[in-house]
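File shown: start09.txt (compact mmCIF, C-alpha atoms).
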```
# COMPACT_ATOMS: atom_id res chain seq x y z
CA MET N 1 173.61 43.90 168.60
CA SER N 2 174.00 47.13 170.55
CA SER N 3 171.14 49.60 170.75
CA ALA N 4 173.31 52.28 169.08
CA LYS N 5 173.94 50.01 166.09
CA ARG N 6 170.24 49.07 165.83
CA TRP N 7 169.34 52.76 165.91
CA LYS N 8 171.85 53.50 163.11
CA ILE N 9 170.43 50.75 160.88
CA TRP N 10 166.87 51.93 161.56
CA ARG N 11 167.79 55.50 160.61
CA MET N 12 169.35 54.31 157.33
CA PHE N 13 166.28 52.23 156.48
CA THR N 14 163.88 55.08 157.34
CA SER N 15 165.93 57.54 155.24
CA TYR N 16 165.86 55.14 152.26
CA ARG N 17 162.06 54.73 152.51
CA ILE N 18 161.53 58.48 152.73
CA LYS N 19 163.69 59.07 149.65
CA THR N 20 161.92 56.33 147.70
CA LEU N 21 158.46 57.60 148.60
CA SER N 22 159.52 61.15 147.76
CA ARG N 23 160.69 60.08 144.29
CA MET N 24 157.42 58.21 143.66
CA TYR N 25 155.40 61.22 144.81
CA MET N 26 157.38 63.53 142.54
CA VAL N 27 156.72 61.28 139.57
CA ARG N 28 153.01 60.79 140.30
CA ALA N 29 152.15 64.33 141.28
CA GLY N 30 154.83 66.38 139.58
CA ILE N 31 153.31 66.91 136.13
CA GLY N 32 151.91 70.31 137.10
CA SER N 33 155.23 71.48 138.45
CA ILE N 34 156.97 70.12 135.36
CA HIS N 35 154.74 72.30 133.20
CA ARG N 36 155.79 75.24 135.34
CA ASN N 37 159.43 74.33 134.76
CA ILE N 38 158.83 74.26 131.01
CA ASN N 39 157.36 77.77 131.13
CA SER N 40 160.20 79.09 133.28
CA SER N 41 162.88 80.71 131.12
CA SER N 42 165.45 80.54 133.91
CA ARG N 43 165.58 76.72 134.08
CA SER N 44 166.95 75.44 130.78
CA LYS N 45 168.09 72.19 132.37
CA GLY N 46 164.65 71.74 133.91
CA ARG N 47 163.04 72.16 130.48
CA VAL N 48 165.25 69.45 129.00
CA TRP N 49 164.43 66.88 131.67
CA ALA N 50 160.76 67.92 131.80
CA ARG N 51 160.40 67.29 128.07
CA ARG N 52 162.13 63.95 128.47
CA PHE N 53 159.80 62.95 131.34
CA LEU N 54 156.62 63.94 129.51
CA SER N 55 157.71 62.08 126.36
CA ASN N 56 158.55 58.91 128.28
CA ASN N 57 155.38 59.09 130.37
CA GLU N 58 153.32 59.38 127.19
CA THR N 59 155.08 56.30 125.82
CA LEU N 60 154.23 54.36 128.97
CA ARG N 61 150.56 55.27 128.71
CA ARG N 62 150.37 54.38 125.03
CA TYR N 63 152.29 51.12 124.93
CA ALA N 64 152.85 49.66 128.39
CA HIS N 65 149.13 49.32 129.30
CA LEU N 66 149.81 50.48 132.82
CA THR N 67 147.07 51.75 135.10
CA PRO N 68 147.19 55.51 135.91
CA CYS N 69 148.22 54.81 139.52
CA VAL N 70 151.46 53.07 138.43
CA SER N 71 154.29 55.60 138.42
CA LEU N 72 157.22 55.82 136.07
CA HIS N 73 159.51 54.73 138.92
CA ASP N 74 157.30 51.69 139.68
CA SER N 75 157.18 50.50 136.07
CA ILE N 76 160.96 50.65 135.65
CA PHE N 77 161.42 48.82 138.97
CA LEU N 78 159.06 46.01 137.87
CA GLU N 79 160.80 45.72 134.51
CA GLN N 80 164.22 45.54 136.16
CA ALA N 81 162.98 42.76 138.46
CA GLN N 82 161.80 40.74 135.44
CA LEU N 83 165.15 41.36 133.75
CA TRP N 84 167.00 39.92 136.72
CA ASN N 85 164.96 36.71 136.45
CA TRP N 86 165.85 36.49 132.77
CA LEU N 87 169.54 37.07 133.55
CA LYS N 88 169.59 34.10 135.95
CA ARG N 89 168.84 31.91 132.95
CA MET N 90 171.37 33.65 130.70
CA GLY N 91 174.35 33.24 133.02
CA SER N 92 177.03 35.57 134.37
CA HIS N 93 178.88 36.02 131.07
CA ILE N 94 176.61 38.99 130.27
CA PHE N 95 178.74 41.02 132.70
CA LYS N 96 182.04 39.79 131.21
CA GLU N 97 181.75 39.33 127.45
CA GLY N 98 178.34 40.93 126.82
CA ILE N 99 175.48 39.63 124.64
CA ASN N 100 174.39 40.47 121.11
CA LEU N 101 170.72 41.34 121.62
CA THR N 102 169.82 40.68 117.97
CA LYS N 103 170.66 36.97 118.31
CA ILE N 104 168.84 35.98 121.49
CA SER N 105 165.22 35.66 122.50
CA LEU N 106 164.21 38.34 125.02
CA PRO N 107 161.27 38.14 127.47
CA VAL N 108 158.06 39.76 126.29
CA CYS N 109 158.01 42.11 129.31
CA LEU N 110 160.60 44.22 127.48
CA PHE N 111 158.44 44.73 124.40
CA GLU N 112 155.89 47.24 123.24
CA PRO N 113 152.93 45.82 121.26
CA ARG N 114 154.12 46.67 117.75
CA SER N 115 156.76 45.57 115.28
CA PHE N 116 159.93 47.47 114.41
CA LEU N 117 158.43 48.12 110.95
CA GLU N 118 155.55 50.06 112.51
CA ARG N 119 157.95 51.78 114.91
CA LEU N 120 159.96 53.05 111.92
CA THR N 121 157.08 55.22 110.73
CA THR N 122 157.11 57.09 114.04
CA ASN N 123 160.60 58.35 113.22
CA TRP N 124 159.29 60.11 110.11
CA GLU N 125 156.25 61.89 111.55
CA TYR N 126 157.80 65.29 110.84
CA ASN N 127 157.83 64.55 107.11
CA SER N 128 156.43 68.01 106.39
CA LEU N 129 160.10 69.02 106.55
CA LEU N 130 160.75 66.79 103.53
CA VAL N 131 157.83 68.42 101.73
CA ALA N 132 159.35 71.81 102.48
CA ALA N 133 162.73 70.56 101.24
CA ALA N 134 161.17 69.48 97.93
CA ARG N 135 159.89 73.04 97.39
CA CYS N 136 163.36 74.58 97.77
CA THR N 137 165.17 75.80 94.67
CA ASP N 138 168.46 76.25 96.53
CA PRO N 139 170.18 72.87 97.25
CA ALA N 140 171.74 74.31 100.43
CA ASP N 141 168.32 75.29 101.82
CA ARG N 142 167.03 71.84 100.90
CA LEU N 143 169.82 70.16 102.86
CA ARG N 144 169.01 72.32 105.89
CA PHE N 145 165.45 70.92 105.91
CA ILE N 146 166.69 67.33 105.53
CA VAL N 147 169.03 67.72 108.51
CA ALA N 148 166.13 69.06 110.57
CA PHE N 149 163.94 66.11 109.45
CA ALA N 150 166.55 63.51 110.49
CA ILE N 151 167.23 65.10 113.88
CA SER N 152 163.51 65.56 114.62
CA GLY N 153 163.03 61.79 114.39
CA LEU N 154 165.58 60.97 117.09
CA CYS N 155 163.24 61.82 119.96
CA ARG N 156 160.38 59.93 118.28
CA GLN N 157 162.15 56.56 117.96
CA VAL N 158 163.07 56.04 121.61
CA SER N 159 161.00 54.52 124.40
CA PHE N 160 161.45 52.31 127.47
CA HIS N 161 160.32 49.25 125.51
CA LYS N 162 161.63 47.39 122.50
CA PRO N 163 159.54 46.69 119.38
CA PHE N 164 159.20 43.10 118.18
CA ASN N 165 161.79 41.91 115.67
CA PRO N 166 160.06 41.60 112.28
CA ILE N 167 159.76 38.15 110.74
CA LEU N 168 161.33 37.63 107.31
CA GLY N 169 158.80 38.76 104.70
CA GLU N 170 156.77 40.77 107.21
CA THR N 171 155.37 44.03 105.82
CA TYR N 172 153.76 47.25 106.98
CA GLN N 173 151.81 49.80 104.93
CA ALA N 174 150.64 53.19 106.13
CA VAL N 175 149.65 56.64 104.92
CA TYR N 176 150.17 59.95 106.72
CA PRO N 177 147.38 62.57 106.86
CA ASN N 178 149.19 64.61 104.19
CA GLY N 179 148.96 61.67 101.76
CA ILE N 180 152.55 60.44 102.04
CA GLU N 181 152.59 56.65 101.69
CA VAL N 182 154.88 54.22 103.55
CA TYR N 183 155.84 50.67 102.52
CA CYS N 184 158.11 48.61 104.78
CA GLU N 185 159.35 45.01 104.53
CA GLN N 186 161.74 42.77 106.46
CA ILE N 187 164.22 41.54 103.84
CA SER N 188 166.66 39.62 106.05
CA HIS N 189 166.39 37.66 109.30
CA HIS N 190 170.10 37.35 110.22
CA PRO N 191 171.25 40.05 110.26
CA PRO N 192 167.84 41.71 110.80
CA ILE N 193 167.42 44.21 107.95
CA SER N 194 164.33 46.31 107.30
CA SER N 195 163.75 48.10 104.00
CA TRP N 196 161.35 50.97 103.26
CA GLU N 197 160.09 53.37 100.62
CA VAL N 198 158.19 56.57 101.41
CA TYR N 199 156.36 58.31 98.52
CA GLU N 200 155.15 61.88 98.25
CA PRO N 201 151.73 61.77 96.45
CA SER N 202 152.73 64.05 93.56
CA GLY N 203 156.13 62.41 93.11
CA LYS N 204 158.25 65.32 94.35
CA PHE N 205 160.50 62.99 96.38
CA VAL N 206 161.06 59.38 97.37
CA PHE N 207 162.60 58.52 100.73
CA HIS N 208 164.05 55.00 100.77
CA GLY N 209 166.68 52.96 102.57
CA ASN N 210 167.35 50.00 104.81
CA GLY N 211 168.20 49.64 108.47
CA ASN N 212 170.01 46.97 110.44
CA TRP N 213 169.76 47.32 114.22
CA VAL N 214 172.89 46.14 116.03
CA ALA N 215 172.67 46.12 119.83
CA GLY N 216 174.41 44.51 122.75
CA ILE N 217 174.13 44.47 126.54
CA LYS N 218 177.12 44.36 128.85
CA GLY N 219 176.72 44.82 132.56
CA ASN N 220 174.19 47.58 133.20
CA ASN N 221 174.43 49.24 129.77
CA VAL N 222 172.92 48.63 126.34
CA LYS N 223 174.56 50.08 123.23
CA GLY N 224 172.91 50.04 119.82
CA ARG N 225 172.83 51.66 116.43
CA GLN N 226 170.67 51.55 113.33
CA THR N 227 173.19 51.05 110.54
CA GLY N 228 172.32 51.48 106.87
CA ILE N 229 171.85 54.35 104.45
CA ASN N 230 168.85 56.70 104.38
CA CYS N 231 168.30 58.22 100.91
CA VAL N 232 166.04 61.05 99.74
CA ARG N 233 165.73 61.47 95.94
CA PHE N 234 164.18 64.68 94.59
CA ALA N 235 162.38 64.79 91.24
CA SER N 236 163.23 68.43 90.52
CA ASP N 237 166.92 67.82 89.77
CA ASP N 238 167.29 64.05 90.48
CA ALA N 239 169.64 64.87 93.39
CA VAL N 240 170.08 62.28 96.16
CA VAL N 241 170.85 63.09 99.80
CA GLU N 242 172.23 60.25 101.93
CA TYR N 243 172.76 60.15 105.70
CA GLU N 244 173.26 57.79 108.66
CA LEU N 245 171.96 57.86 112.24
CA PRO N 246 174.03 58.26 115.44
CA GLY N 247 174.68 55.61 118.09
CA LEU N 248 172.41 55.07 121.10
CA GLN N 249 173.22 54.09 124.69
CA VAL N 250 170.91 53.20 127.59
CA LYS N 251 172.40 53.19 131.09
CA GLY N 252 170.72 51.79 134.20
CA VAL N 253 169.04 48.87 132.44
CA LEU N 254 169.25 46.56 135.46
CA TRP N 255 169.68 48.92 138.39
CA GLY N 256 169.96 52.60 139.17
CA VAL N 257 168.64 55.61 137.26
CA ARG N 258 167.84 54.85 133.62
CA VAL N 259 169.41 57.33 131.18
CA LEU N 260 169.20 57.33 127.38
CA LYS N 261 171.57 59.30 125.17
CA TYR N 262 172.65 59.58 121.55
CA SER N 263 176.24 60.24 120.52
CA GLY N 264 178.38 60.29 117.40
CA GLN N 265 178.25 61.99 114.01
CA MET N 266 175.54 62.27 111.38
CA VAL N 267 176.97 62.96 107.91
CA PHE N 268 174.64 64.19 105.13
CA LYS N 269 175.91 64.11 101.53
CA ASP N 270 174.51 65.67 98.35
CA LYS N 271 177.12 64.53 95.84
CA LYS N 272 175.45 66.09 92.81
CA ASN N 273 175.64 69.58 94.27
CA GLY N 274 178.88 69.08 96.21
CA LEU N 275 177.23 69.68 99.60
CA GLN N 276 177.88 68.02 102.94
CA ALA N 277 176.54 68.59 106.45
CA VAL N 278 178.29 67.15 109.52
CA ILE N 279 176.26 67.06 112.74
CA ASP N 280 177.90 66.17 116.07
CA VAL N 281 175.47 64.71 118.62
CA ASP N 282 176.58 65.13 122.24
CA PRO N 283 180.12 66.14 121.24
CA PRO N 284 182.83 65.79 123.91
CA ALA N 285 183.89 68.94 125.73
CA PRO N 286 187.15 70.47 124.43
CA SER N 287 190.19 69.33 126.37
CA ALA N 288 192.04 71.89 128.46
CA GLY N 289 194.70 72.19 131.11
CA PHE N 290 193.93 71.66 134.77
CA LEU N 291 193.59 75.33 135.75
CA SER N 292 191.97 76.61 132.55
CA GLY N 293 189.57 73.66 132.50
CA TRP N 294 188.62 74.28 136.15
CA PHE N 295 187.89 77.98 135.60
CA ARG N 296 185.98 77.26 132.37
CA ALA N 297 183.81 74.70 134.15
CA LYS N 298 183.00 77.29 136.81
CA LYS N 299 182.07 80.05 134.33
CA GLY N 300 180.60 78.18 131.35
CA PRO N 301 177.14 76.61 130.99
CA PRO N 302 176.67 73.00 132.14
CA HIS N 303 177.09 70.20 129.62
CA LYS N 304 173.81 68.97 128.08
CA PRO N 305 173.92 65.46 126.58
CA ASP N 306 171.05 66.23 124.16
CA GLN N 307 172.86 69.08 122.38
CA VAL N 308 173.80 69.01 118.69
CA PHE N 309 176.21 71.16 116.68
CA GLY N 310 176.83 71.09 112.96
CA ARG N 311 178.14 72.76 109.85
CA LEU N 312 177.01 72.89 106.23
CA MET N 313 179.86 72.88 103.73
CA GLN N 314 180.47 73.08 100.00
CA GLY N 315 183.94 71.75 99.46
CA ASP N 316 186.11 73.39 102.11
CA THR N 317 183.81 76.41 102.47
CA VAL N 318 181.51 76.53 105.49
CA LEU N 319 178.15 77.88 104.29
CA ASP N 320 176.32 77.75 107.62
CA THR N 321 176.43 76.34 111.15
CA CYS N 322 173.65 75.03 113.38
CA HIS N 323 173.02 74.23 117.01
CA GLY N 324 170.16 72.87 119.08
CA SER N 325 168.86 69.81 120.92
CA TRP N 326 167.47 66.54 119.59
CA LEU N 327 164.75 66.93 122.26
CA HIS N 328 163.69 70.47 121.37
CA TYR N 329 164.81 72.35 118.29
CA LEU N 330 167.43 72.94 115.58
CA GLU N 331 168.51 76.43 114.59
CA TRP N 332 170.59 77.38 111.56
CA ASP N 333 172.66 80.46 112.36
CA LYS N 334 172.10 82.07 108.92
CA GLY N 335 168.82 81.74 108.13
CA LEU N 336 160.70 73.06 110.75
CA SER N 337 153.63 66.23 112.27
CA PRO N 338 151.16 63.93 112.21
CA ALA N 339 151.24 60.15 112.65
CA ALA N 340 150.86 57.68 109.80
CA ALA N 341 147.45 55.95 109.59
CA PRO N 342 147.66 52.22 108.74
CA LEU N 343 145.78 51.10 105.63
CA ASP N 344 142.44 49.37 106.16
CA ASN N 345 143.13 46.48 103.76
CA PRO N 346 146.76 45.46 104.34
CA LEU N 347 148.49 42.35 103.02
CA PRO N 348 148.13 39.08 104.98
CA SER N 349 151.80 39.49 105.95
CA ASP N 350 151.11 42.83 107.68
CA CYS N 351 152.80 43.06 111.08
CA ARG N 352 149.52 43.99 112.79
CA HIS N 353 148.28 40.40 112.20
CA ARG N 354 151.04 38.92 114.39
CA GLU N 355 149.47 37.01 117.27
CA ASP N 356 152.22 38.00 119.74
CA VAL N 357 151.59 41.68 119.00
CA VAL N 358 147.79 41.25 119.13
CA TYR N 359 147.88 39.56 122.55
CA LEU N 360 150.34 42.05 124.01
CA LYS N 361 148.10 44.91 122.87
CA ALA N 362 145.26 43.15 124.73
CA GLY N 363 147.45 43.00 127.85
CA ASP N 364 147.92 39.20 127.81
CA GLN N 365 151.67 38.67 128.27
CA VAL N 366 151.33 34.90 128.72
CA GLN N 367 149.67 34.31 125.34
CA SER N 368 151.98 36.86 123.74
CA GLN N 369 155.05 35.03 125.05
CA ASP N 370 153.70 31.66 123.81
CA TRP N 371 153.00 33.03 120.33
CA LYS N 372 156.38 34.77 120.22
CA GLN N 373 158.10 31.42 120.85
CA THR N 374 155.87 29.70 118.27
CA LEU N 375 156.72 32.24 115.57
CA GLU N 376 160.43 32.05 116.39
CA GLU N 377 160.38 28.25 116.09
CA GLN N 378 158.51 28.55 112.80
CA GLN N 379 161.19 30.93 111.49
CA ARG N 380 163.93 28.50 112.44
CA ARG N 381 162.10 25.62 110.67
CA ASP N 382 161.60 27.72 107.55
CA ARG N 383 165.24 28.72 107.52
CA LYS N 384 166.29 25.06 107.83
CA LEU N 385 164.05 24.13 104.90
CA ARG N 386 165.49 26.92 102.76
CA LYS N 387 168.99 25.76 103.56
CA GLU N 388 168.15 22.12 102.76
CA GLY N 389 166.53 23.27 99.51
CA GLY N 390 169.78 24.86 98.37
CA CYS N 391 168.87 28.52 98.93
CA ALA N 392 171.90 30.66 98.03
CA PHE N 393 171.10 33.34 100.59
CA ASP N 394 171.38 32.69 104.33
CA HIS N 395 168.44 34.83 105.52
```
structure tokens encoding of this file:
Amino acid sequence: MSSAKRWKIWRMFTSYRIKTLSRMYMVRAGIGSIHRNINSSSRSKGRVWARRFLSNNETLRRYAHLTPCVSLHDSIFLEQAQLWNWLKRMGSHIFKEGINLTKISLPVCLFEPRSFLERLTTNWEYNSLLVAAARCTDPADRLRFIVAFAISGLCRQVSFHKPFNPILGETYQAVYPNGIEVYCEQISHHPPISSWEVYEPSGKFVFHGNGNWVAGIKGNNVKGRQTGINCVRFASDDAVVEYELPGLQVKGVLWGVRVLKYSGQMVFKDKKNGLQAVIDVDPPAPSAGFLSGWFRAKKGPPHKPDQVFGRLMQGDTVLDTCHGSWLHYLEWDKGLSPAAAPLDNPLPSDCRHREDVVYLKAGDQVQSQDWKQTLEEQQRRDRKLRKEGGCAFDH
């Protein structure tokens, strides 16, 4: 090999190491500068990504049990390396046909130490918006608060790690500081369906529904969605508001920069009062000709994937419009807290008693993986017995 070629390769390697070390330094030591970006009114894009970084870093500290010296970049790199080992066992068809993630057993390195039932309650931590909605005498104002409640939960239900799939019959009970009670249960194994009821202490509203997570991985991307109806029933006029959640996509699962984004529509319906709100999450940019599109891109603000736009309608009449970000805020153009505390005396089926969750919380991935496999085998045996016993439902 010529000396010129060796020098070129050495320069490339040195440049790569410098860039990598720079990224790690920015992650480890950049929290102070990120706070400065948040306080700077001239860097809206910086505020968006700063909020996203702080939220994800908090999630890592709470659930990944990483030491303070491990950076966000390091943890993702380690997880991706473990994923590659898992993929060797799965085969190459993941890049061709894709895999339904709800029907395979994933390695415990991808999990956070709690069940999906417990994770659900995180989505509803801004339930004070539902309390405010119950006080409204105008159904349109009430729907505005419900839209804000649903959008506020989007940033609370995402993290780098996946919760454990609940076992059939698994439950979770909790109460928020304001007295609102939560009862969750896994009512189906295949497909995995979770059901819940959330009660306001004085009976002003009941929030209930069921969710079925569908997710698949193909290549370097994971796409998922929580299907099912969310219902809020108000005691004042017995009105019911129903809505669904948008789709979710994670890019860079195996290599590259990891990016998470929501997209799609959220439709809220109050049939009794003839009201409907349609919220577009990360809507596509309007199409235009070559020249007009080029000039618009030069003059207009940059596209932000966390933006939301919506309209509140009664029949064909638009009553109000809204805009905002699922990371930051929601603002209606004409015109919202605390975590749930688990009960001290839960049922024996409570998800906190699961051995795989208990060991992962203690930082023992080996025991957690063993117990996860044991519980999965037990579920399969129970399902076989139900089928042999003539059970009419294939749960």
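CA of Glu112 in chain N to CA of Gln173 in chain N spans 18.9 Å [interatomic distance, one decimal].
Using all atoms listed in the file for every distance, the candidate list N:Ala148, N:Gly228, N:His190, N:Phe164 yields N:Phe164 as the residue closest to Gln369 in chain N.
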Could you make a table, as JSON lines, of the residues of range 141-179 of chain N that have an atom within 7 Å of an atom of range 324-337 of chain N, each with its nearest atom pair and distance in Å to one decimal, counting all atoms listed in the file, in chain and number order?
```
{"residue": "N:Ala148", "atom": "CA", "partner": "N:Leu330", "partner_atom": "CA", "distance": 6.5}
{"residue": "N:Ile151", "atom": "CA", "partner": "N:Trp326", "partner_atom": "CA", "distance": 5.9}
{"residue": "N:Ser152", "atom": "CA", "partner": "N:Trp326", "partner_atom": "CA", "distance": 6.4}
{"residue": "N:Leu154", "atom": "CA", "partner": "N:Trp326", "partner_atom": "CA", "distance": 6.4}
{"residue": "N:Cys155", "atom": "CA", "partner": "N:Leu327", "partner_atom": "CA", "distance": 5.8}
```
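Neighbouring residues of Asp320 in chain N at 12 Å or closer, counting all atoms listed in the file and skipping chain neighbours under 6 positions away, are N:Ala140, N:Asp141, N:Leu143, N:Arg144, N:Leu275, N:Gln276, N:Ala277, N:Val278, N:Ile279, N:Phe309, N:Gly310, N:Arg311, N:Leu312, N:Met313, N:Gln314, N:Glu331, N:Trp332, N:Asp333, N:Lys334, N:Gly335.
Nearest-residue note for Gly209 in chain N: choosing from N:Asp282, N:His353, N:Leu120, N:Val158, the minimum distance belongs to N:Leu120, counting all atoms listed in the file.
Take the candidates N:Phe149, N:Ile187, N:Lys251, N:Val259 and check each one against Asn230 in chain N using only C-alpha atoms; the shortest distance goes to N:Phe149.
Of the residues listed (N:Pro348, N:Glu242, N:His189, N:Val253), N:Val253 shows the shortest atom-to-atom separation from Gly216 in chain N; distances use only C-alpha atoms.
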Original post:
Between N:Trp371, N:Phe207, N:Phe268, N:Tyr176, which is the closest to Val357 in chain N once you count all atoms listed in the file?
Top reply: N:Trp371
**OP:** Find the residues around Tyr183 in chain N up to 8 Å (all atoms listed in the file counted), leave out those fewer than 5 positions away in its own chain, and share them as a PyMOL selection string.
**Re:** chain N and resi 171-174+196-198
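Residue nearest Asp280 in chain N, chosen from N:Val147, N:Asp316, N:Arg135, N:Lys361 and counting all atoms listed in the file: N:Val147.
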**OP:** Tell me, as a PyMOL selection string, which residues lie within 7 Å of Gly264 in chain N, counting all atoms listed in the file; anything in the same chain fewer than 5 positions away does not count.
**Re:** chain N and resi 246-247+280-281
Near Asn220 in chain N, counting only C-alpha atoms, which residues have an atom at most 10 Å away, once you skip same-chain residues fewer than 4 positions from it, shown as a PDB file with C-alpha atoms, in the coordinates of the input?
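Output contents, as saved in out_28.pdb:
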```pdb
ATOM      1  CA  ILE N  94     176.610  38.990 130.270  1.00  0.00           C
ATOM      2  CA  PHE N  95     178.740  41.020 132.700  1.00  0.00           C
ATOM      3  CA  VAL N 250     170.910  53.200 127.590  1.00  0.00           C
ATOM      4  CA  LYS N 251     172.400  53.190 131.090  1.00  0.00           C
ATOM      5  CA  GLY N 252     170.720  51.790 134.200  1.00  0.00           C
ATOM      6  CA  VAL N 253     169.040  48.870 132.440  1.00  0.00           C
ATOM      7  CA  LEU N 254     169.250  46.560 135.460  1.00  0.00           C
ATOM      8  CA  TRP N 255     169.680  48.920 138.390  1.00  0.00           C
ATOM      9  CA  GLY N 256     169.960  52.600 139.170  1.00  0.00           C
ATOM     10  CA  ARG N 258     167.840  54.850 133.620  1.00  0.00           C
TER      11      ARG N 258
END
```
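Note that the spacing between CA of Ser195 in chain N and CA of His208 in chain N amounts to 7.6 Å.
Taking CA of Lys372 in chain N and CA of Asp356 in chain N as the two end points, the separation is 5.3 Å.
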**OP:** Extract, using only C-alpha atoms, all DNA, RNA and protein residues at most 9 Å from Thr227 in chain N, discarding same-chain residues fewer than 4 positions from it, and format them as an MDAnalysis selection string.
**Re:** chainID N and resid 210:214 244:247
Completion of range 121-127 of chain N up to all heavy atoms, as a compact mmCIF listing (two decimals), in the frame of the given file:
```
# COMPACT_ATOMS: atom_id res chain seq x y z
N THR N 121 157.87 54.11 111.24
CA THR N 121 157.08 55.22 110.73
C THR N 121 156.95 56.36 111.73
O THR N 121 156.69 57.50 111.35
CB THR N 121 155.68 54.73 110.32
OG1 THR N 121 154.99 54.21 111.48
CG2 THR N 121 155.78 53.63 109.28
N THR N 122 157.13 56.04 113.02
CA THR N 122 157.11 57.09 114.04
C THR N 122 158.28 58.05 113.86
O THR N 122 158.16 59.25 114.12
CB THR N 122 157.14 56.47 115.44
OG1 THR N 122 156.08 55.53 115.57
CG2 THR N 122 157.00 57.52 116.52
N ASN N 123 159.42 57.52 113.40
CA ASN N 123 160.60 58.35 113.22
C ASN N 123 160.39 59.44 112.17
O ASN N 123 161.07 60.46 112.18
CB ASN N 123 161.80 57.51 112.78
CG ASN N 123 162.04 56.32 113.68
OD1 ASN N 123 161.38 56.14 114.69
ND2 ASN N 123 163.00 55.50 113.31
N TRP N 124 159.45 59.22 111.26
CA TRP N 124 159.29 60.11 110.11
C TRP N 124 158.03 60.96 110.20
O TRP N 124 157.52 61.46 109.18
CB TRP N 124 159.25 59.28 108.82
CG TRP N 124 160.35 58.28 108.71
CD1 TRP N 124 161.66 58.44 109.09
CD2 TRP N 124 160.26 56.93 108.19
NE1 TRP N 124 162.38 57.30 108.84
CE2 TRP N 124 161.56 56.36 108.30
CE3 TRP N 124 159.24 56.18 107.65
CZ2 TRP N 124 161.82 55.06 107.89
CZ3 TRP N 124 159.50 54.89 107.25
CH2 TRP N 124 160.77 54.33 107.35
N GLU N 125 157.50 61.15 111.41
CA GLU N 125 156.25 61.89 111.55
C GLU N 125 156.39 63.36 111.20
O GLU N 125 155.39 64.01 110.87
CB GLU N 125 155.71 61.73 112.98
CG GLU N 125 155.17 60.33 113.24
CD GLU N 125 154.62 60.16 114.64
OE1 GLU N 125 154.86 61.07 115.47
OE2 GLU N 125 153.97 59.15 114.91
N TYR N 126 157.59 63.89 111.24
CA TYR N 126 157.80 65.29 110.84
C TYR N 126 158.18 65.37 109.37
O TYR N 126 159.06 66.13 108.98
CB TYR N 126 158.87 65.93 111.72
CG TYR N 126 158.48 65.98 113.19
CD1 TYR N 126 159.02 65.08 114.10
CD2 TYR N 126 157.56 66.92 113.65
CE1 TYR N 126 158.67 65.12 115.44
CE2 TYR N 126 157.19 66.96 114.99
CZ TYR N 126 157.75 66.06 115.88
OH TYR N 126 157.38 66.09 117.20
N ASN N 127 157.50 64.57 108.53
CA ASN N 127 157.83 64.55 107.11
C ASN N 127 157.42 65.81 106.37
O ASN N 127 157.75 65.97 105.19
CB ASN N 127 157.18 63.32 106.45
CG ASN N 127 155.69 63.23 106.73
OD1 ASN N 127 154.91 64.11 106.36
ND2 ASN N 127 155.28 62.15 107.38
```
